[in-house]
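A.B. asks: So that we are looking at the same thing, I have put the structure below in structure tokens.
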Amino acid sequence: MAKQYEFSSRRLPYLLVLPQMAIVFVFFFWPAIQAVWQSLYIQDAFGLSMIFVGLSNYVRLFKDPSYINSLFISFAFAAVVAFSAMTLALFLAVQANRRIRGAAFYKTMLVWPYAMATLVAGVLWLFLFSPNVGIIAYFLKHSLGIDWNHLLRAGQAFLLVSIAASWKQVSYNFVFFLAGLQNVPAALVEAAAIDGASPFRRFWSVVFPLLSPTTFYLLVMNLVYAFFETFPIIHQVTEGGPGQATNILVYRVYKDGVINLDLGASSAESVILMLIVIGLTVLQFRFVERKVTY
Amino acid sequence: MKRLVIALAAFALLCGTAFAEPVTIEFWHAMGGKNGDVTQAIIDKFNASQSDYKVVGVFKGSYADTMNAGIAAFRAGQPPAILQVYEVGTATMMSAKGAIVPVYKLMQEEGQSFDPHEFIPAISGYYSTSSGQMLSMPFNSSTAVMYYNKDAFRKAGLDPNKPPKTWPEVFADARKLKAAGYQGGLTSNWFGWIQLENFSAWHNVPFGTKSNGFDGFDTRLVFNGPLQLRHLTNLYNLSKEGVFIYGGRDNAANSLFTSGQVPIHFESIGGYGAMKSTCKFDFGVAMLPYYPDVKGAPQNSIIGGASLWVMAKQSQAQYKAVAAFLTFLSKPDIQSYFHEQTGYLPVTLAAYKLTKEQGYYKDNPGLEVAIQQLNNKTPTPNSRGIRFGYMPQIRTICDEQWESILGGKETVKQGLDNMVRLGNELLRKFEQIAQ
Amino acid sequence: MVERSLAKRAAPHLFLILAIVIFLAPIWVAFVASTQTLPDILAAPMSLLPGTHFVENYVRALVHGSDNLGASALTMLENSLIMALGIAVGKIAVSLLAAFAIVYFDFRLRKFCFWTIIVTLMLPVEIRIMPTYKVVADLHMLDSYWGLILPMIVSATAVFLFRQFFMSVPREIAEASQIDGSSPMEFFRRILLPMTRTPIAAMFVIQFIYGWNQYLWPLLITTKQSYYTLLIGINRMLAVADAQVEWQIVMATTLIAMIPPVLVVLFMQRQFVSGMTDTEK
């Protein structure tokens with residue numbers, strides 16, 4: 001890249017980045033370092049007695065079947081949400097991409113759910129499935145004979161939070177898939193048609209591979225969404241239960257830190273989550289951002 | 001000119017001394033809604049009754065939020081003078097010796113006449129050491145009771161004025177109620193607090209060693225004994241029959257009772273006011289049932305609710321204010337007022353007597369049932385209360401295991417044993433860090 | 001043009017309409033609930049047609065709030081608005097300045113600053129809640145707007161987007177402005193910013209929604225009712241101890257909570273979509 005013209009001020013750039021850097025250090029790096037530091041101690045709630053225990057908090061976590069269960073549940077939940085939200089969104093994007101009347105209307109109607117808070121999604125579906133007042137729960141019980149009680153049935157609880165989480169995320173995926181589809185050169189698709197490929201084959205051999213950067217990007221974003229942004233749903237709808245059926249990692253960090261006042265465990269769980277995010281983000285940068293050119 | 005200045009200065013000085021600022025202390029609490037209004041009214045009464053001290057009441061959210069806020073404030077160097085902490089936080093608070101000032105010590109130093117024997121033993125005992133020294137001031141105490149739907153009893157052919165006294169009777173009545181067409185026979189709130197902690201105390205069997213944790217941090221949980229196993233197995237079998245309905249954690253099962261669907265319910269007496277306003281049927285309050293073949297049952301029930309802790313880092317003048325406020329709070333008329341307005345129990349015997357004399361229990365016999373249940377017998381080491389570290393976590397473990405049991409994922413014995421085993425791991429961790 | 005029978009032409013419409021119905025159904029049910037009385041809702045199943053208590057419920061939610069909550073929807077609306085606008089405007093302002101510095105100046109810490117900011121993508125607030133809570137408490141910013149806004153104000157995505165955009169602007173313009181005697185900041189203000197209108201609008205939509213929908217952080221640091229945001233109010237209404245959940249007020253408040261961000265997306269849909277898809281690249 002040729003050397004671009006740049007301003008020659010000495011101090012101005014530092015002043016300009018100062019607000020951002022200050023906040024980044026005070027509210028990001030300093031707490032993150034604290035989390036790592038505190039994960040090496042056990043301490044009472046008031047911090048009056050801190051005992052260095054090295055990696056013992058981590059060992060305790062990995063020996064704890066409930067933590068292993070949380071790891072498993074979190075990944076399972078993320079996989080279910082990512083898969084359902086992405087396949088549904090891709091399907092709808094393909095439909096909306098056809099040259100049909102009212103495409104703009106459909107697009108608008110499918111984009112606005114992005115604005116909903118995850119909590120709102122959780123509350124709406126909780127209301128529909130509430131064992132006492134929910135109309136879907138009532139219908140299941142009285143018309144299909146299914147006794148719906150997500151307060152007691154682990155599978156039902158997992159299903160409910162998955163529905164709420166996926167429902168909201170379809171919109172986000174839809175926007176990206178639609179944009180991606182619109183970037184697929186029509187000439188390529190038509191060439192395949194001329195060659196005699198069926199619509200099904202045309203999609204899977206030509207279109208889908210070209211969508212792969214979008215797909216990969218969305219996969220990572222959906223996983224991050226399911227790991228972190230679904231906290232309100234779990235907090236509101238199931239509190240991690242019944243049993244441990246929906247006790248995802250991010251909920252544990254909150255529960256152990258805020259309710260149980262067990263800062264050592266909460267910090268260790270935070271650090272592990274940090275490593276998971278770093279892994280996902282590095283993956284995203286290496287495979288997706290590689291394509292950045294100017 | 002000079003005389004004017006002197007006159008003005010003298011006047012200013014006079015004003016200064018006449019309107020001296022009262023010593024201000026902050027009282028952080030978790031009393032929202034109606035209870036919050038009542039608490040604020042009491043604070044206002046105190047402030048109006050004298051001019052040396054001023055209490056500022058601050059609502060800080062749920063019990064967990066309030067405790068968190070108090071701890072964060074302490075760590076930031078500015079704790080409030082008084083912090084309301086729920087009963088499961090007692091072990092954490094009392095082991096934080098640099099953060100709190102025990103109430104008995106404060107009262108001694110401030111020369112307030114303070115006799116722990118004025119308090120109802122089951123209540124003050126919970127917040128005292130084994131030798132009777134009061135660590136925190138009981139404020140809003142409740143206990144677990146049985147609510148029952150009198151209209152439903154009538155419909156099922158049961159006598160609404162003779163609620164079941166023993167567990168076998170409860171189970172039989174619950175089955176009859178289910179047969180009479182109700183969705184279920186019985187349900188319960190607060191599984192851990194009512195069906196394990198209170199259950200053990202009411203039957204005078206230990207929940208943990210060392211007087212349920214009062215005598216040391218090297219305590220172990222032992223509530224997976226034969227009696228508790230028998231009780232949970234009974235409940236589990238009833239749930240298979242569809243007679244026991246699980247309503248969820250904490251107080252989520254309330255709507256099962258208030259909607260009329262399940263006519264027998266176990267809940268805190270602190271919910272009495274809400275029951276009165278939401279239940280559209282005639283209901284009664286009865287003592288917790290017991291197993292008649294257990295020697296020593298019924299003993300006394302244990303409390304729930306919260307107490308007031310005095311925090312460190314206040315000035316001498318502020319501690320005077322705290323002592324004065326705490327004394328004010330335990331006056332019989334104040335206690336009686338709080339009790340009648342909120343449904344929480346009076347903390348002193350004098351307040352109980354005053355409320356009774358005022359005839360309050362004629363219209364609200366349920367409240368007196370709760371007090372009688374607490375006073376049933378002198379507390380034993382098994383029934384003074386519980387004091388374990390990481391108690392909120394232990395309660396969650398109990399909820400989770402109970403849900404697994406009901407869901408058929410493990411047997412009752414496995415679930416109970418897991419509760420104890422996992423809880424003990426936490427207790428060992430707490431023992432390490434408690435001073 | 002490939003073959004299209006009637007069935008094949010109708011199919012996309014059917015699927016899309018079905019999808020729209022699935023998206024709208026829970027909202028419809030919530031709306032119906034917000035127009036009924038509580039006993040109607042409790043007597044399951046609730047009817048699927050709106051009731052007659054629309055005005056009464058919404059007025060009560062806005063002015064008074066649910067019993068036991070202690071905060072009206074109006075107050076919470078105000079708080080959510082302040083928080084969302086504060087976060088959006090704050091993020092954009094801070095990111096614009098940082099991106100400007102990184103692109104247009106050659107200074108020693110340039111690469112360090114850029115990568116440090118990008119790394120924050122890996123630190124969502126959920127994984128540092130307890131230590132950040134402590135930092136905010138130590139700074140005495142609990143129960144305050146600063147505490148709600150400041151920790152949320154870094155955006156690697158905004159810096160990235162603005163950087164990308166700035167780099168696509170021909171440098172001759174910057175050079176020319178210097179020759180004309182303008183200072184860098186004058187160039188920034190008078191020339192660069194107006195050109196950046198579209199990315200700024202896109203970022204505004206995304207960050208406003210991000211800020212409006214914050215949950216975990218406000219849950220932790222606001223305990224005073226006067227600082228409740230709409231989402232926190234909804235949570236607290238559902239978490240009442242010893243009292244009945246007032247579903248009709250909860251639903252009314254939920255719908256109120258949905259309206260501003262949805263309106264923002266609807267009115268700025270074009271910028272929003274372009275902003276989202278541009279940041280992917």
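Residues in the structure tokens are named by chain (A, B, ... in the order shown) and by number from 1 within that chain; ligands are numbered from 1 in the order shown.
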Near His235 of chain A, within 9 Å and counting only C-alpha atoms, which residues show up once chain neighbours fewer than 5 positions away are dropped, as a PyMOL selection string?
C.D. replies: (chain A and resi 119+230+240+251) or (chain C and resi 235)
A.B. asks: Include N, CA and C atoms and write out the residues we just selected as a tab-separated table (two decimals), in the first residue's frame.
C.D. replies:
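Final output, saved to part_34.tsv:
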chain	number	residue	atom	x	y	z
A	119	LEU	N	-34.94	-10.22	26.39
A	119	LEU	CA	-35.84	-10.39	27.53
A	119	LEU	C	-37.28	-10.41	27.06
A	230	THR	N	-28.35	-14.52	25.63
A	230	THR	CA	-29.55	-15.21	26.05
A	230	THR	C	-29.70	-15.21	27.57
A	240	GLY	N	-32.13	-21.32	35.29
A	240	GLY	CA	-31.17	-22.41	35.20
A	240	GLY	C	-31.79	-23.79	35.39
A	251	TYR	N	-25.08	-17.71	32.91
A	251	TYR	CA	-25.97	-17.59	34.05
A	251	TYR	C	-25.25	-17.96	35.34
C	235	ASN	N	-38.69	-7.29	34.51
C	235	ASN	CA	-38.15	-8.39	35.30
C	235	ASN	C	-38.64	-8.33	36.74
A.B. asks: Residues of chain B within 7 Å of chain A, counting only C-alpha atoms, what are they? List them as an MDAnalysis selection string.
C.D. replies: chainID B and resid 64 68 71 75 96 248 390 392:393 400:401 403:404 407 433:434
A.B. asks: Take the residues from that selection and put them in a file with N, CA and C atoms, as a tab-separated table (two decimals), in the first residue's frame.
C.D. replies:
chain	number	residue	atom	x	y	z
B	64	ALA	N	-30.91	-10.26	47.80
B	64	ALA	CA	-29.57	-10.48	47.24
B	64	ALA	C	-28.96	-9.17	46.78
B	68	ASN	N	-25.56	-7.45	48.24
B	68	ASN	CA	-24.49	-7.10	47.31
B	68	ASN	C	-24.09	-5.65	47.40
B	71	ILE	N	-22.18	-4.97	50.53
B	71	ILE	CA	-20.81	-5.46	50.47
B	71	ILE	C	-19.96	-4.56	49.58
B	75	ARG	N	-16.64	-2.45	50.54
B	75	ARG	CA	-15.36	-2.54	49.84
B	75	ARG	C	-14.92	-1.19	49.30
B	96	ALA	N	-17.69	-12.12	59.05
B	96	ALA	CA	-16.94	-10.98	58.52
B	96	ALA	C	-16.65	-10.01	59.64
B	248	GLY	N	-42.84	-24.85	41.35
B	248	GLY	CA	-41.68	-24.05	41.00
B	248	GLY	C	-40.92	-23.64	42.24
B	390	TYR	N	-22.60	-20.12	52.50
B	390	TYR	CA	-23.08	-20.43	51.16
B	390	TYR	C	-24.49	-21.00	51.18
B	392	PRO	N	-27.44	-19.65	50.34
B	392	PRO	CA	-28.25	-19.49	49.13
B	392	PRO	C	-27.92	-20.57	48.10
B	393	GLN	N	-26.63	-20.90	47.99
B	393	GLN	CA	-26.23	-21.93	47.04
B	393	GLN	C	-26.77	-23.29	47.47
B	400	GLU	N	-32.64	-27.88	42.97
B	400	GLU	CA	-32.27	-28.61	41.75
B	400	GLU	C	-32.43	-30.11	41.94
B	401	GLN	N	-31.95	-30.61	43.08
B	401	GLN	CA	-32.05	-32.06	43.31
B	401	GLN	C	-33.50	-32.48	43.44
B	403	GLU	N	-36.04	-31.12	42.02
B	403	GLU	CA	-36.61	-31.14	40.68
B	403	GLU	C	-36.17	-32.40	39.93
B	404	SER	N	-34.91	-32.80	40.14
B	404	SER	CA	-34.47	-34.03	39.48
B	404	SER	C	-35.21	-35.24	40.00
B	407	GLY	N	-38.65	-35.26	38.63
B	407	GLY	CA	-38.61	-35.55	37.21
B	407	GLY	C	-38.20	-36.98	36.91
B	433	ILE	N	-12.30	-20.08	54.40
B	433	ILE	CA	-12.13	-18.63	54.34
B	433	ILE	C	-12.74	-17.90	55.52
B	434	ALA	N	-13.58	-18.59	56.31
B	434	ALA	CA	-14.16	-17.88	57.44
B	434	ALA	C	-13.08	-17.68	58.49
A.B. asks: At a cut-off of 12 Å, list the chain C residues touching chain B, using only C-alpha atoms, as an MDAnalysis selection string.
C.D. replies: chainID C and resid 38:39 41:44 65:71 130:143 219:228 232:233 235:246
A.B. asks: Could you take the residues named above and write them with N, CA and C atoms, as a compact mmCIF listing (two decimals), in the first residue's frame?
C.D. replies:
# COMPACT_ATOMS: atom_id res chain seq x y z
N LEU C 38 -56.93 -8.75 34.87
CA LEU C 38 -56.15 -9.87 35.38
C LEU C 38 -56.99 -11.14 35.58
N PRO C 39 -58.17 -11.06 36.17
CA PRO C 39 -58.96 -12.29 36.32
C PRO C 39 -59.24 -12.96 34.97
N ILE C 41 -57.29 -13.03 32.43
CA ILE C 41 -56.08 -13.74 32.01
C ILE C 41 -55.90 -15.00 32.85
N LEU C 42 -56.18 -14.88 34.17
CA LEU C 42 -55.95 -16.01 35.06
C LEU C 42 -56.92 -17.14 34.79
N ALA C 43 -58.10 -16.78 34.26
CA ALA C 43 -59.08 -17.83 33.95
C ALA C 43 -58.73 -18.41 32.59
N ALA C 44 -57.65 -19.20 32.56
CA ALA C 44 -57.19 -19.74 31.29
C ALA C 44 -58.26 -20.59 30.64
N GLY C 65 -47.55 2.30 37.19
CA GLY C 65 -46.76 1.07 37.21
C GLY C 65 -47.50 -0.01 37.97
N SER C 66 -46.95 -1.19 37.95
CA SER C 66 -47.58 -2.29 38.67
C SER C 66 -47.46 -2.04 40.17
N ASP C 67 -48.42 -2.56 40.92
CA ASP C 67 -48.29 -2.48 42.39
C ASP C 67 -47.00 -3.17 42.79
N ASN C 68 -46.38 -2.70 43.82
CA ASN C 68 -45.14 -3.30 44.32
C ASN C 68 -43.92 -2.98 43.47
N LEU C 69 -44.09 -2.37 42.31
CA LEU C 69 -42.89 -2.10 41.51
C LEU C 69 -42.26 -0.78 41.90
N GLY C 70 -43.10 0.22 42.12
CA GLY C 70 -42.58 1.51 42.56
C GLY C 70 -42.03 2.36 41.45
N ALA C 71 -42.28 1.99 40.20
CA ALA C 71 -41.79 2.84 39.11
C ALA C 71 -42.81 2.78 37.98
N MET C 130 -18.60 -8.94 37.69
CA MET C 130 -18.29 -8.66 39.08
C MET C 130 -17.19 -7.62 39.24
N PRO C 131 -16.06 -7.77 38.55
CA PRO C 131 -15.03 -6.73 38.70
C PRO C 131 -15.48 -5.36 38.18
N THR C 132 -16.24 -5.33 37.08
CA THR C 132 -16.71 -4.04 36.58
C THR C 132 -17.66 -3.41 37.59
N TYR C 133 -18.48 -4.26 38.22
CA TYR C 133 -19.37 -3.77 39.26
C TYR C 133 -18.56 -3.11 40.36
N LYS C 134 -17.47 -3.75 40.73
CA LYS C 134 -16.65 -3.21 41.80
C LYS C 134 -16.02 -1.87 41.38
N VAL C 135 -15.54 -1.81 40.13
CA VAL C 135 -14.94 -0.56 39.65
C VAL C 135 -15.98 0.56 39.70
N VAL C 136 -17.18 0.25 39.23
CA VAL C 136 -18.23 1.27 39.21
C VAL C 136 -18.60 1.67 40.64
N ALA C 137 -18.66 0.66 41.54
CA ALA C 137 -18.98 0.98 42.93
C ALA C 137 -17.89 1.86 43.54
N ASP C 138 -16.65 1.52 43.27
CA ASP C 138 -15.55 2.31 43.81
C ASP C 138 -15.59 3.74 43.29
N LEU C 139 -16.05 3.92 42.07
CA LEU C 139 -16.15 5.26 41.51
C LEU C 139 -17.45 5.94 41.93
N HIS C 140 -18.19 5.29 42.82
CA HIS C 140 -19.46 5.83 43.31
C HIS C 140 -20.43 6.12 42.18
N MET C 141 -20.44 5.24 41.19
CA MET C 141 -21.35 5.46 40.05
C MET C 141 -22.51 4.49 40.04
N LEU C 142 -22.72 3.74 41.13
CA LEU C 142 -23.90 2.88 41.18
C LEU C 142 -25.14 3.75 41.18
N ASP C 143 -26.24 3.19 40.66
CA ASP C 143 -27.49 3.96 40.63
C ASP C 143 -27.27 5.34 40.04
N LEU C 219 -29.35 -4.52 35.47
CA LEU C 219 -29.85 -5.38 36.55
C LEU C 219 -28.94 -5.31 37.75
N LEU C 220 -27.64 -5.29 37.48
CA LEU C 220 -26.67 -5.29 38.57
C LEU C 220 -26.57 -3.95 39.26
N ILE C 221 -26.47 -2.87 38.46
CA ILE C 221 -26.06 -1.65 39.12
C ILE C 221 -27.18 -0.68 39.44
N THR C 222 -28.42 -0.97 39.03
CA THR C 222 -29.47 -0.05 39.45
C THR C 222 -30.37 -0.77 40.42
N THR C 223 -30.45 -0.26 41.64
CA THR C 223 -31.39 -0.84 42.57
C THR C 223 -32.43 0.19 42.99
N LYS C 224 -32.15 1.45 42.72
CA LYS C 224 -33.14 2.48 43.06
C LYS C 224 -34.22 2.47 42.00
N GLN C 225 -35.46 2.49 42.45
CA GLN C 225 -36.57 2.42 41.49
C GLN C 225 -36.55 3.58 40.50
N SER C 226 -36.02 4.71 40.93
CA SER C 226 -36.03 5.85 40.02
C SER C 226 -35.09 5.65 38.85
N TYR C 227 -34.24 4.62 38.91
CA TYR C 227 -33.32 4.35 37.81
C TYR C 227 -33.68 3.11 37.01
N TYR C 228 -34.78 2.47 37.36
CA TYR C 228 -35.17 1.28 36.61
C TYR C 228 -35.34 1.61 35.14
N ILE C 232 -35.67 -3.82 33.09
CA ILE C 232 -35.49 -4.18 34.48
C ILE C 232 -36.83 -4.15 35.19
N GLY C 233 -37.65 -3.16 34.88
CA GLY C 233 -38.98 -3.08 35.47
C GLY C 233 -39.80 -4.32 35.16
N ASN C 235 -38.69 -7.29 34.51
CA ASN C 235 -38.15 -8.39 35.30
C ASN C 235 -38.64 -8.33 36.74
N ARG C 236 -38.59 -7.12 37.32
CA ARG C 236 -38.97 -7.00 38.71
C ARG C 236 -40.47 -7.22 38.90
N MET C 237 -41.24 -6.89 37.88
CA MET C 237 -42.68 -7.13 38.00
C MET C 237 -42.97 -8.62 38.02
N LEU C 238 -42.14 -9.39 37.32
CA LEU C 238 -42.37 -10.83 37.27
C LEU C 238 -41.77 -11.54 38.46
N ALA C 239 -40.95 -10.82 39.24
CA ALA C 239 -40.24 -11.48 40.33
C ALA C 239 -40.81 -11.11 41.68
N VAL C 240 -42.08 -10.78 41.74
CA VAL C 240 -42.63 -10.31 43.02
C VAL C 240 -42.77 -11.47 43.99
N ALA C 241 -42.39 -11.21 45.21
CA ALA C 241 -42.56 -12.20 46.26
C ALA C 241 -43.89 -11.96 46.95
N ASP C 242 -44.59 -13.02 47.29
CA ASP C 242 -45.82 -12.90 48.07
C ASP C 242 -46.90 -12.07 47.40
N ALA C 243 -46.86 -11.95 46.10
CA ALA C 243 -47.93 -11.18 45.45
C ALA C 243 -48.20 -11.78 44.08
N GLN C 244 -49.29 -11.41 43.47
CA GLN C 244 -49.68 -11.96 42.19
C GLN C 244 -49.07 -11.13 41.06
N VAL C 245 -48.52 -11.82 40.06
CA VAL C 245 -47.98 -11.11 38.89
C VAL C 245 -49.14 -10.45 38.15
N GLU C 246 -48.99 -9.17 37.86
CA GLU C 246 -50.05 -8.48 37.14
C GLU C 246 -49.77 -8.56 35.65
A.B. asks: Can you list every residue of chain C that has an atom at most 6 Å from chain A, with its nearest atom pair and the distance in Å to one decimal, using only C-alpha atoms, ordered by chain then number, as CSV?
C.D. replies:
residue,atom,partner,partner_atom,distance
C:Pro12,CA,A:Gln95,CA,4.9
C:Pro26,CA,A:Leu124,CA,5.9
C:Leu42,CA,A:Val133,CA,5.6
C:Ala44,CA,A:Val133,CA,5.2
C:Pro45,CA,A:Ile135,CA,5.4
C:Val94,CA,A:Gln20,CA,5.7
C:Leu97,CA,A:Leu16,CA,5.2
C:Ala98,CA,A:Val17,CA,4.4
C:Ala101,CA,A:Pro13,CA,4.9
C:Tyr104,CA,A:Glu6,CA,5.0
C:Phe105,CA,A:Glu6,CA,5.3
C:Met122,CA,A:Ile278,CA,5.4
C:Ile127,CA,A:Ser270,CA,4.8
C:Arg128,CA,A:Ala32,CA,5.8
C:Pro131,CA,A:Pro31,CA,4.7
C:Thr132,CA,A:Pro31,CA,5.2
C:Pro151,CA,A:Phe27,CA,5.4
C:Asn213,CA,A:Ala117,CA,4.9
C:Pro261,CA,A:Ala115,CA,5.3
C:Val262,CA,A:Ala115,CA,5.2
A.B. asks: Would you kindly return, as a list in words, each protein, DNA or RNA residue with an atom no farther than 10 Å from any atom of Ser128 of chain B, considering only C-alpha atoms and excluding same-chain residues fewer than 4 positions away?
C.D. replies: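 Once the adjacent positions are removed, what remains is Thr90, Met94, Pro102, Val103, Tyr104, Pro116, Pro121, Ile123, Ser124, Gly132, Gln133, Met134, Leu135, Ser136, Met137, Pro138, Phe214, Arg384 and Gly385 of chain B.
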